[in-house]
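Colleague: This is the content of data-v1.txt (compact mmCIF, C-alpha atoms):
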```
# COMPACT_ATOMS: atom_id res chain seq x y z
CA MET A 1 153.39 -1.86 160.23
CA ASN A 2 151.72 -4.55 162.17
CA ARG A 3 148.51 -2.64 162.44
CA VAL A 4 148.39 -2.18 158.74
CA ALA A 5 148.75 -5.86 158.20
CA GLN A 6 146.01 -6.65 160.63
CA PHE A 7 143.54 -4.20 159.20
CA LYS A 8 141.53 -5.88 156.49
CA SER A 9 140.70 -3.18 154.01
CA PRO A 10 138.33 -3.93 151.16
CA ARG A 11 140.36 -4.26 147.97
CA LEU A 12 139.08 -2.59 144.89
CA ASP A 13 140.24 -3.65 141.51
CA MET A 14 141.44 -0.40 140.02
CA ASN A 15 142.38 -1.76 136.63
CA PRO A 16 139.11 -1.07 134.78
CA MET A 17 139.09 2.41 136.19
CA VAL A 18 142.64 3.03 135.00
CA ASP A 19 141.73 1.61 131.61
CA MET A 20 138.81 3.90 131.25
CA SER A 21 140.53 7.02 132.46
CA PHE A 22 143.48 6.49 130.17
CA LEU A 23 141.14 5.89 127.30
CA LEU A 24 139.51 9.24 127.99
CA VAL A 25 142.88 10.94 128.44
CA THR A 26 143.99 9.62 125.07
CA PHE A 27 140.77 10.78 123.47
CA PHE A 28 141.04 14.29 124.84
CA MET A 29 144.74 14.48 124.06
CA LEU A 30 144.11 13.62 120.45
CA THR A 31 141.11 15.89 119.99
CA THR A 32 142.72 18.93 121.61
CA THR A 33 144.38 21.22 119.14
CA PHE A 34 147.15 23.15 120.77
CA LYS A 35 147.55 26.76 119.96
CA LEU A 36 150.75 27.59 118.17
CA PRO A 37 152.45 30.76 119.31
CA GLN A 38 151.04 33.73 117.45
CA PRO A 39 153.47 35.85 115.45
CA LEU A 40 151.43 38.96 116.22
CA LEU A 41 150.56 39.98 119.74
CA VAL A 42 146.95 41.13 119.87
CA ASP A 43 145.21 42.43 122.94
CA THR A 44 141.57 41.89 122.04
CA PRO A 45 138.87 44.07 123.58
CA LEU A 46 136.49 42.74 126.21
CA SER A 47 132.84 42.06 125.63
CA SER A 48 130.03 40.12 127.21
CA ALA A 49 129.38 38.13 124.05
CA THR A 50 129.14 34.43 124.79
CA VAL A 51 129.13 32.99 121.29
CA LYS A 52 132.13 30.79 120.66
CA LEU A 53 134.10 30.88 117.46
CA PRO A 54 133.59 27.73 115.38
CA GLU A 55 136.56 25.39 115.41
CA ARG A 56 136.80 24.75 111.70
CA ASP A 57 136.60 26.75 108.50
CA VAL A 58 137.60 30.01 110.08
CA LEU A 59 139.82 32.62 108.53
CA ILE A 60 141.21 34.97 111.13
CA LEU A 61 142.41 38.42 110.17
CA SER A 62 144.51 39.84 112.97
CA VAL A 63 145.24 43.52 113.25
CA GLY A 64 148.03 44.57 115.59
CA ASP A 65 148.07 47.85 117.47
CA ASP A 66 150.40 49.26 114.81
CA GLY A 67 147.86 48.38 112.09
CA ARG A 68 149.70 45.42 110.56
CA VAL A 69 147.35 42.80 109.13
CA PHE A 70 148.09 39.10 109.58
CA MET A 71 146.15 36.17 108.27
CA ASP A 72 145.59 32.68 109.56
CA LEU A 73 143.29 29.89 108.52
CA ASP A 74 142.89 26.27 109.43
CA GLY A 75 142.86 23.16 107.30
CA LYS A 76 146.10 21.94 105.75
CA PHE A 77 144.61 21.19 102.34
CA THR A 78 142.67 24.44 102.17
CA ARG A 79 145.89 26.29 102.85
CA GLN A 80 147.82 24.39 100.22
CA ARG A 81 145.23 24.96 97.54
CA LEU A 82 145.00 28.59 98.53
CA LEU A 83 148.76 28.92 98.18
CA ASP A 84 148.62 27.40 94.70
CA ARG A 85 145.97 29.85 93.62
CA MET A 86 147.76 32.83 95.08
CA GLY A 87 151.01 31.73 93.47
CA GLU A 88 149.28 31.53 90.11
CA ARG A 89 147.62 34.88 90.60
CA TYR A 90 150.85 36.70 91.46
CA GLY A 91 153.20 34.63 89.34
CA VAL A 92 155.15 33.25 92.30
CA HIS A 93 156.19 29.63 92.18
CA PHE A 94 156.01 27.52 95.31
CA SER A 95 157.79 24.19 95.50
CA ARG A 96 156.38 21.00 96.98
CA GLU A 97 158.31 21.46 100.22
CA GLU A 98 157.08 25.00 100.52
CA ARG A 99 153.49 23.85 100.09
CA GLU A 100 153.98 21.24 102.80
CA ALA A 101 155.48 23.77 105.18
CA PHE A 102 152.81 26.36 104.45
CA GLY A 103 150.10 23.82 105.25
CA ILE A 104 151.14 23.57 108.87
CA MET A 105 152.48 27.06 109.45
CA THR A 106 151.13 29.65 111.87
CA GLY A 107 149.64 32.95 110.79
CA TYR A 108 151.63 35.09 108.42
CA GLY A 109 151.91 38.76 107.70
CA VAL A 110 154.13 39.32 104.68
CA PRO A 111 153.45 40.38 101.12
CA ILE A 112 153.16 37.38 98.79
CA GLU A 113 156.54 38.18 97.23
CA GLN A 114 158.27 37.53 100.57
CA LEU A 115 156.25 34.48 101.48
CA SER A 116 158.86 31.99 100.26
CA THR A 117 161.45 33.49 102.59
CA LEU A 118 159.07 33.22 105.50
CA ILE A 119 158.18 29.62 104.71
CA ALA A 120 161.86 28.67 104.53
CA MET A 121 162.42 29.85 108.09
CA SER A 122 162.07 27.74 111.19
CA GLN A 123 159.30 28.39 113.67
CA GLU A 124 161.69 30.19 116.04
CA GLU A 125 163.09 32.41 113.32
CA ARG A 126 159.58 33.37 112.22
CA GLN A 127 158.73 34.28 115.76
CA LEU A 128 161.68 36.68 115.93
CA LEU A 129 161.14 38.21 112.50
CA HIS A 130 159.28 41.49 112.35
CA GLN A 131 156.77 40.76 109.61
CA PRO A 132 155.57 43.88 107.78
CA GLY A 133 151.93 42.79 107.51
CA ILE A 134 149.92 41.96 104.40
CA PRO A 135 149.51 45.07 102.24
CA MET A 136 145.98 46.48 102.35
CA ASP A 137 146.03 49.85 100.65
CA SER A 138 144.27 51.09 97.56
CA ALA A 139 147.41 50.63 95.43
CA GLN A 140 147.78 46.98 96.27
CA ASN A 141 145.20 45.17 98.33
CA GLN A 142 146.58 41.68 98.81
CA VAL A 143 144.25 41.05 101.74
CA ALA A 144 141.33 41.29 99.32
CA GLU A 145 143.01 38.83 96.97
CA TRP A 146 143.73 36.34 99.77
CA LEU A 147 140.07 36.59 100.81
CA THR A 148 138.74 36.06 97.29
CA GLN A 149 140.93 33.02 96.67
CA ALA A 150 140.31 31.56 100.12
CA ARG A 151 136.58 31.75 99.59
CA LEU A 152 136.91 30.12 96.22
CA VAL A 153 138.83 27.25 97.81
CA ASN A 154 136.45 26.93 100.72
CA PRO A 155 133.08 28.63 100.17
CA GLY A 156 131.94 27.86 103.72
CA LEU A 157 134.74 29.89 105.25
CA ARG A 158 133.84 32.24 108.08
CA ILE A 159 135.77 35.45 108.47
CA ALA A 160 136.77 36.64 111.92
CA ILE A 161 138.54 39.86 112.85
CA ARG A 162 140.91 39.73 115.78
CA ALA A 163 142.00 43.31 116.24
CA ASP A 164 143.87 44.99 119.02
CA ARG A 165 141.79 47.29 121.21
CA ASP A 166 143.96 50.30 120.43
CA VAL A 167 143.86 50.11 116.64
CA PRO A 168 142.52 53.37 115.19
CA TYR A 169 139.08 52.86 113.72
CA SER A 170 140.25 54.13 110.34
CA ARG A 171 142.24 50.90 109.95
CA ILE A 172 139.28 48.74 110.93
CA SER A 173 136.96 50.56 108.58
CA GLY A 174 139.48 49.93 105.81
CA LEU A 175 139.36 46.24 106.61
CA ILE A 176 135.56 46.17 106.84
CA ASN A 177 135.35 47.94 103.49
CA THR A 178 137.66 45.33 102.00
CA LEU A 179 135.33 42.64 103.33
CA LEU A 180 132.25 44.40 101.98
CA ASP A 181 133.92 44.73 98.59
CA GLN A 182 134.17 40.94 98.60
CA ASN A 183 130.47 40.73 99.50
CA ILE A 184 131.32 39.43 102.93
CA THR A 185 128.60 41.04 104.99
CA ARG A 186 128.67 38.66 107.89
CA PHE A 187 131.75 38.32 110.00
CA ASN A 188 132.82 37.86 113.58
CA LEU A 189 134.71 40.12 115.91
CA ILE A 190 136.85 38.16 118.33
CA THR A 191 136.68 39.45 121.86
CA GLU A 192 137.63 38.31 125.29
CA GLN A 193 135.15 37.44 127.99
CA ARG A 194 134.46 40.37 130.27
CA ILE A 195 134.30 39.13 133.82
CA GLU A 196 132.47 41.89 135.60
CA GLU A 197 129.42 43.39 137.16
CA ILE A 198 126.43 41.70 135.59
CA SER A 199 124.52 42.79 138.66
CA ALA A 200 125.67 46.40 138.34
CA ALA A 201 124.02 46.68 134.95
CA PRO A 202 120.74 48.60 135.16
CA MET B 1 154.87 5.71 148.56
CA ASN B 2 157.76 5.61 146.20
CA GLU B 3 159.66 3.39 148.58
CA SER B 4 156.96 0.79 148.86
CA PHE B 5 156.72 0.69 145.11
CA GLN B 6 160.38 -0.15 144.85
CA ASP B 7 159.98 -2.79 147.51
CA ASN B 8 157.29 -4.40 145.47
CA GLN B 9 159.53 -4.43 142.49
CA ARG B 10 162.24 -6.24 144.32
CA GLN B 11 160.04 -8.96 145.65
CA ARG B 12 159.15 -10.81 142.55
CA PRO B 13 157.53 -14.16 143.18
CA GLY B 14 160.55 -16.24 142.20
CA GLU B 15 163.12 -14.16 143.99
CA ALA B 16 164.41 -14.75 147.45
CA ARG B 17 162.98 -12.28 149.90
CA ARG B 18 165.53 -9.92 151.33
CA ASP B 19 163.19 -8.37 153.78
CA ALA B 20 161.69 -11.05 155.92
CA ARG B 21 159.96 -8.65 158.25
CA ARG B 22 157.33 -7.82 155.71
CA PRO B 23 155.60 -10.84 154.35
CA GLN B 24 153.65 -9.64 151.37
CA PRO B 25 151.60 -11.30 148.71
CA PRO B 26 153.45 -11.23 145.39
CA VAL B 27 152.44 -8.64 142.79
CA ASP B 28 150.10 -6.16 144.28
CA MET B 29 150.51 -2.74 142.82
CA ASP B 30 148.89 0.26 144.34
CA MET B 31 146.90 1.71 141.49
CA ASN B 32 145.68 4.79 143.29
CA PRO B 33 148.48 7.19 142.28
CA MET B 34 148.05 6.10 138.71
CA VAL B 35 144.33 6.75 138.84
CA ASP B 36 145.01 10.10 140.45
CA MET B 37 147.37 11.08 137.70
CA ALA B 38 145.10 9.83 134.95
CA PHE B 39 142.19 11.84 136.25
CA LEU B 40 144.36 14.88 136.68
CA LEU B 41 145.35 14.69 133.03
CA LEU B 42 141.78 13.97 132.07
CA THR B 43 140.53 17.06 133.87
CA PHE B 44 143.25 19.18 132.30
CA PHE B 45 142.49 18.08 128.76
CA MET B 46 138.76 18.33 129.24
CA LEU B 47 139.01 21.90 130.46
CA ALA B 48 141.61 22.88 127.89
CA THR B 49 139.40 21.61 125.08
CA THR B 50 136.23 23.44 125.98
CA PHE B 51 137.75 26.73 127.03
CA SER B 52 140.18 27.30 124.24
CA MET B 53 137.73 28.73 121.70
CA PRO B 54 137.58 32.52 121.89
CA GLN B 55 134.39 34.51 122.23
CA THR B 56 133.06 36.38 119.25
CA MET B 57 130.36 38.84 118.44
CA GLU B 58 128.75 38.50 115.09
CA LEU B 59 128.37 41.57 112.94
CA LEU B 60 125.99 41.66 110.04
CA MET B 61 126.54 44.51 107.62
CA PRO B 62 124.25 45.52 104.81
CA PRO B 63 125.83 44.89 101.40
CA LYS B 64 127.24 47.88 99.56
CA PRO B 65 124.27 49.43 97.78
CA ASN B 66 124.22 50.20 94.08
CA PRO B 67 123.58 53.86 93.22
CA GLU B 68 120.03 53.07 91.98
CA GLU B 69 119.21 51.05 95.05
CA GLU B 70 120.46 53.73 97.36
CA ALA B 71 117.80 56.13 96.20
CA ALA B 72 115.09 53.59 96.79
CA GLU B 73 116.25 52.86 100.32
CA GLN B 74 113.62 53.30 102.95
CA PRO B 75 114.22 56.29 105.17
CA ILE B 76 114.28 55.78 108.92
CA ARG B 77 111.46 57.28 110.90
CA GLU B 78 112.84 60.38 112.51
CA SER B 79 111.32 59.77 115.91
CA LYS B 80 112.96 56.38 116.14
CA ALA B 81 116.44 57.32 115.06
CA LEU B 82 119.34 57.64 117.44
CA THR B 83 122.81 58.51 116.24
CA LEU B 84 125.91 57.64 118.24
CA ILE B 85 129.16 59.23 117.16
CA LEU B 86 132.22 57.58 118.64
CA GLY B 87 134.96 60.14 118.99
CA GLN B 88 138.44 60.55 120.32
CA ASP B 89 139.47 59.81 123.92
CA ASP B 90 136.64 57.35 124.56
CA GLN B 91 133.86 59.91 124.16
CA VAL B 92 130.42 59.34 122.69
CA TRP B 93 128.36 62.10 121.16
CA TRP B 94 124.75 61.39 120.42
CA TYR B 95 121.60 62.98 119.12
CA ARG B 96 118.06 61.88 118.44
CA GLY B 97 116.15 62.47 115.27
CA LEU B 98 117.70 63.45 111.98
CA SER B 99 116.73 66.95 110.90
CA GLU B 100 117.01 68.98 114.11
CA PRO B 101 119.70 67.26 116.09
CA GLU B 102 120.67 68.35 119.55
CA LEU B 103 124.13 67.05 120.28
CA ARG B 104 124.76 65.51 123.68
CA HIS B 105 127.63 63.73 125.24
CA VAL B 106 128.04 60.54 127.26
CA GLY B 107 130.84 58.21 128.40
CA TYR B 108 131.12 54.43 128.06
CA GLY B 109 130.27 51.90 130.70
CA PRO B 110 127.23 50.56 132.50
CA GLN B 111 126.32 53.96 133.97
CA GLY B 112 126.96 55.91 130.79
CA LEU B 113 126.15 54.64 127.34
CA ARG B 114 124.45 51.43 128.42
CA LYS B 115 122.10 53.15 130.85
CA MET B 116 121.21 55.72 128.22
CA LEU B 117 120.51 53.00 125.64
CA VAL B 118 118.40 50.95 128.02
CA ASP B 119 116.34 54.00 128.97
CA LEU B 120 115.86 55.10 125.40
CA ASN B 121 115.03 51.60 124.24
CA ASN B 122 112.28 51.39 126.83
CA GLU B 123 111.00 54.80 125.90
CA VAL B 124 111.05 54.44 122.13
CA PRO B 125 109.73 51.23 120.58
CA GLU B 126 111.67 49.96 117.56
CA LEU B 127 114.60 52.23 118.18
CA VAL B 128 117.04 52.41 115.27
CA VAL B 129 120.61 53.19 116.21
CA LEU B 130 123.10 54.58 113.71
CA LEU B 131 126.60 53.91 114.92
CA LYS B 132 129.14 56.30 113.44
CA PRO B 133 132.69 55.77 114.62
CA LEU B 134 135.04 58.59 113.69
CA ASP B 135 138.44 57.74 112.31
CA GLN B 136 140.17 58.79 115.51
CA SER B 137 138.20 56.48 117.76
CA ARG B 138 139.71 53.17 118.78
CA TYR B 139 138.57 49.67 117.90
CA GLU B 140 137.72 49.06 121.53
CA ASN B 141 135.19 51.90 121.37
CA LEU B 142 133.36 50.13 118.57
CA VAL B 143 133.29 46.83 120.43
CA ASP B 144 132.14 48.55 123.63
CA ALA B 145 129.35 50.31 121.78
CA LEU B 146 128.25 47.11 120.03
CA ASP B 147 128.34 45.29 123.33
CA ASP B 148 126.25 47.93 125.05
CA LEU B 149 123.77 47.80 122.18
CA SER B 150 123.35 44.07 122.55
CA LEU B 151 123.14 44.31 126.34
CA ALA B 152 120.48 47.00 126.06
CA GLU B 153 118.66 44.66 123.68
CA VAL B 154 118.54 47.19 120.88
CA GLU B 155 117.64 45.08 117.89
CA ARG B 156 118.18 47.45 115.02
CA TYR B 157 121.47 49.13 114.56
CA ALA B 158 123.81 49.82 111.71
CA LEU B 159 127.42 50.82 111.30
CA VAL B 160 127.49 53.91 109.12
CA ARG B 161 130.15 56.37 108.01
CA PRO B 162 129.69 59.83 109.52
CA GLY B 163 128.32 62.31 107.02
CA PRO B 164 129.00 66.04 106.49
CA GLN B 165 126.10 66.91 108.77
CA ASP B 166 127.77 65.09 111.64
CA PHE B 167 131.02 66.93 111.15
CA GLU B 168 129.17 70.24 111.16
CA LEU B 169 127.54 69.31 114.41
CA LEU B 170 130.79 68.26 115.99
CA GLU B 171 132.49 71.49 114.97
CA GLY B 172 133.98 73.05 118.08
CA THR B 173 133.69 70.00 120.30
CA SER B 174 136.69 68.00 121.43
CA ALA B 175 135.57 65.07 119.28
CA LEU B 176 137.19 66.43 116.16
CA THR B 177 140.64 67.29 117.43
CA GLY B 178 143.34 65.81 115.29
CA LEU B 179 140.96 64.45 112.67
CA TYR B 180 143.04 64.86 109.59
CA GLN B 181 146.33 63.58 110.96
CA SER B 182 145.10 60.10 111.65
CA GLU B 183 143.98 58.91 108.25
CA THR B 184 146.07 55.77 108.10
CA PRO B 185 148.70 54.68 110.55
```
With the file now loaded, output its structure as structure tokens.

Modeller:
Amino acid sequence: MNRVAQFKSPRLDMNPMVDMSFLLVTFFMLTTTFKLPQPLLVDTPLSSATVKLPERDVLILSVGDDGRVFMDLDGKFTRQRLLDRMGERYGVHFSREEREAFGIMTGYGVPIEQLSTLIAMSQEERQLLHQPGIPMDSAQNQVAEWLTQARLVNPGLRIAIRADRDVPYSRISGLINTLLDQNITRFNLITEQRIEEISAAP
Amino acid sequence: MNESFQDNQRQRPGEARRDARRPQPPVDMDMNPMVDMAFLLLTFFMLATTFSMPQTMELLMPPKPNPEEEAAEQPIRESKALTLILGQDDQVWWYRGLSEPELRHVGYGPQGLRKMLVDLNNEVPELVVLLKPLDQSRYENLVDALDDLSLAEVERYALVRPGPQDFELLEGTSALTGLYQSETP
């Protein structure tokens, strides 16, 4: 104890440093968007692509290994306007509360007729529910309708496909055809970074 | 460290000192743990922000052609064409040219498909690759093939549906097993 008292250490004023670091912490905390738990588990394939997905104006179509199609897009107001349009199109009425809840919801994979039920659930209940996927067959292609309306609401929307690596290609080609029917010829495939032998490549 | 902090708390300037052995100047907080923590959080949020966006590969498809336009479409030079057929069980079947194809077989990976593409791309200038995934191939096969194409720096490639000629060629190979069962899951 005595030795400590005798030793004259230079004193640094830490306050400005603390101020600055907390300022930065606050900034990063506010700008970070945390990922909500995904209702559909997707094991994306690996690739060496290094392009990052843009943060905004992205519509993600997820395809699970059983072929179910889920949809997710960002932007609360885009989602609310999209819901209005889809409700009009299919003759389903959504209340104010439902619009609010839909604006901040995670991805969804139910036919439009069941959407109200899904919205009414809590986050935990949704997580446990086995959602049947958005119908995408020739009889009723709701995915196509969602895409059309979403692009009317936000013309700058980018479409990204997040499919499981074990999905049969027939399902993917169905989805790509749906996109092409909407004149969407440019889209992104979401992959995971392959961490491997760059040197082993010829 | 915790202890000394509490000691500091107790010895407010106005209060009587309980511990006379340690004469200390009044408020003197050790800021270092706080700075440590702040920077730890800072590092965490900085890394979490930049690394959270997933990787993507961009795919540009030609628009669906009208019947009239289809006829006017420019044919690919036969010497430059390479067809890759992605089949079942992670197999790739390929042939060069269009009219007299000789079907060959290759696997995925840096020593298989990628090596073949790199070699061919060096050999043939302006190589055009037609990528034809069969319905029984997996999505991963498509991504692997696209990835190998971009790594081999093949600039021209297109995703096409396999035609009747391809099915004729594949007749008898293992690529076609179970074709008609797997239409839609």

Colleague: Find the residues around A:Ala160 up to 9 Å (only C-alpha atoms counted), leave out those fewer than 3 positions away in its own chain, and share them as an mmCIF file with C-alpha atoms, in the frame of the given file.

Modeller:
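Final output, saved to part.cif:
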```cif
data_model
loop_
_atom_site.group_PDB
_atom_site.id
_atom_site.type_symbol
_atom_site.label_atom_id
_atom_site.label_comp_id
_atom_site.auth_asym_id
_atom_site.auth_seq_id
_atom_site.Cartn_x
_atom_site.Cartn_y
_atom_site.Cartn_z
ATOM 1 C CA LEU A 53 134.100 30.880 117.460
ATOM 2 C CA VAL A 58 137.600 30.010 110.080
ATOM 3 C CA LEU A 59 139.820 32.620 108.530
ATOM 4 C CA ILE A 60 141.210 34.970 111.130
ATOM 5 C CA LEU A 61 142.410 38.420 110.170
ATOM 6 C CA SER A 62 144.510 39.840 112.970
ATOM 7 C CA PHE A 187 131.750 38.320 110.000
ATOM 8 C CA ASN A 188 132.820 37.860 113.580
ATOM 9 C CA LEU A 189 134.710 40.120 115.910
ATOM 10 C CA ILE A 190 136.850 38.160 118.330
ATOM 11 C CA THR B 56 133.060 36.380 119.250
ATOM 12 C CA GLU B 58 128.750 38.500 115.090
#
```

Colleague: Under the rule that all atoms listed in the file are counted, which of A:Pro16, A:Pro111, A:Pro155, A:Gly91 is the nearest residue to chain B?

Modeller: A:Pro16

Colleague: Kindly provide, as a ChimeraX atom specification, the residues of chain B having any atom no farther than 9 Å from an atom of chain A, counting all atoms listed in the file.

Modeller: /B:22,30-32,34-35,38-39,41-43,45-46,48-49,52-64,110-111,114-115,118,133-144,146-148,150-151,161,182-185

Colleague: Could you jot down the atom CA of B:Val129 to atom CA of A:Ile159 separation for me, Å, one decimal place?

Modeller: 24.6 Å

Colleague: Interatomic distance between atom CA of B:Val160 and atom CA of B:Lys132?

Modeller: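 Those two atoms sit 5.2 Å apart.
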
Colleague: Leaving out A:Tyr90 and any residue of its chain fewer than 2 positions from it, which residues lie within 12 Å of it when counting all atoms listed in the file, given as a PDB file with C-alpha atoms, keeping the file's coordinate frame?

Modeller:
```
ATOM      1  CA  LEU A  83     148.760  28.920  98.180  1.00  0.00           C
ATOM      2  CA  ASP A  84     148.620  27.400  94.700  1.00  0.00           C
ATOM      3  CA  ARG A  85     145.970  29.850  93.620  1.00  0.00           C
ATOM      4  CA  MET A  86     147.760  32.830  95.080  1.00  0.00           C
ATOM      5  CA  GLY A  87     151.010  31.730  93.470  1.00  0.00           C
ATOM      6  CA  GLU A  88     149.280  31.530  90.110  1.00  0.00           C
ATOM      7  CA  VAL A  92     155.150  33.250  92.300  1.00  0.00           C
ATOM      8  CA  HIS A  93     156.190  29.630  92.180  1.00  0.00           C
ATOM      9  CA  PHE A  94     156.010  27.520  95.310  1.00  0.00           C
ATOM     10  CA  PRO A 111     153.450  40.380 101.120  1.00  0.00           C
ATOM     11  CA  ILE A 112     153.160  37.380  98.790  1.00  0.00           C
ATOM     12  CA  GLU A 113     156.540  38.180  97.230  1.00  0.00           C
ATOM     13  CA  GLN A 114     158.270  37.530 100.570  1.00  0.00           C
ATOM     14  CA  LEU A 115     156.250  34.480 101.480  1.00  0.00           C
ATOM     15  CA  GLN A 140     147.780  46.980  96.270  1.00  0.00           C
ATOM     16  CA  GLN A 142     146.580  41.680  98.810  1.00  0.00           C
ATOM     17  CA  GLU A 145     143.010  38.830  96.970  1.00  0.00           C
ATOM     18  CA  TRP A 146     143.730  36.340  99.770  1.00  0.00           C
ATOM     19  CA  GLN A 149     140.930  33.020  96.670  1.00  0.00           C
TER      20      GLN A 149
END
```

Colleague: Excluding A:Gly109 and any residue of its chain fewer than 5 positions from it, enumerate the residues within 6 Å of it, using only C-alpha atoms, and give them as an mmCIF file with C-alpha atoms, in the coordinates of the input.

Modeller:
```
data_model
loop_
_atom_site.group_PDB
_atom_site.id
_atom_site.type_symbol
_atom_site.label_atom_id
_atom_site.label_comp_id
_atom_site.auth_asym_id
_atom_site.auth_seq_id
_atom_site.Cartn_x
_atom_site.Cartn_y
_atom_site.Cartn_z
ATOM 1 C CA PHE A 70 148.090 39.100 109.580
ATOM 2 C CA GLN A 131 156.770 40.760 109.610
ATOM 3 C CA GLY A 133 151.930 42.790 107.510
ATOM 4 C CA ILE A 134 149.920 41.960 104.400
#
```

Colleague: Need the shell around A:Arg56: protein/DNA/RNA residues with any atom at most 9 Å away, counting all atoms listed in the file. Skip same-chain ones fewer than 6 positions apart. Format as a compact mmCIF listing (two decimals) with C-alpha atoms, keeping the file's coordinate frame?

Modeller:
```txt
# COMPACT_ATOMS: atom_id res chain seq x y z
CA LEU A 73 143.29 29.89 108.52
CA ASP A 74 142.89 26.27 109.43
CA GLY A 75 142.86 23.16 107.30
CA LEU A 157 134.74 29.89 105.25
CA ARG A 158 133.84 32.24 108.08
```

Colleague: Given the choices A:Glu98, A:Gln38, A:Gln80, A:Leu152, which gets closest to A:Gln123 if the distance is worked out from all atoms listed in the file?

Modeller: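 Closest to A:Gln123 of all the choices is A:Gln38.
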
Colleague: Could you tell me how far atom CA of B:Val124 sits from atom CA of B:Leu82, in Å to one decimal place?

Modeller: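 Atom CA of B:Val124 lies 10.0 Å from atom CA of B:Leu82.
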
Colleague: Where's the centre, and what are the edge lengths in Å to one decimal, of a box along x, y and z enclosing all listed atoms of stretch 36-51 of chain B padded 8 Å per side, as AutoDock Vina command-line options?

Modeller:
```
--center_x 141.8 --center_y 18.3 --center_z 132.8 --size_x 27.1 --size_y 32.9 --size_z 31.4
```

Colleague: Name the residues in contact with B:Arg77 at a cut-off of 12 Å, using only C-alpha atoms, excluding same-chain residues fewer than 6 positions from it; report them as a PyMOL selection string.

Modeller: chain B and resi 96-99+124-129
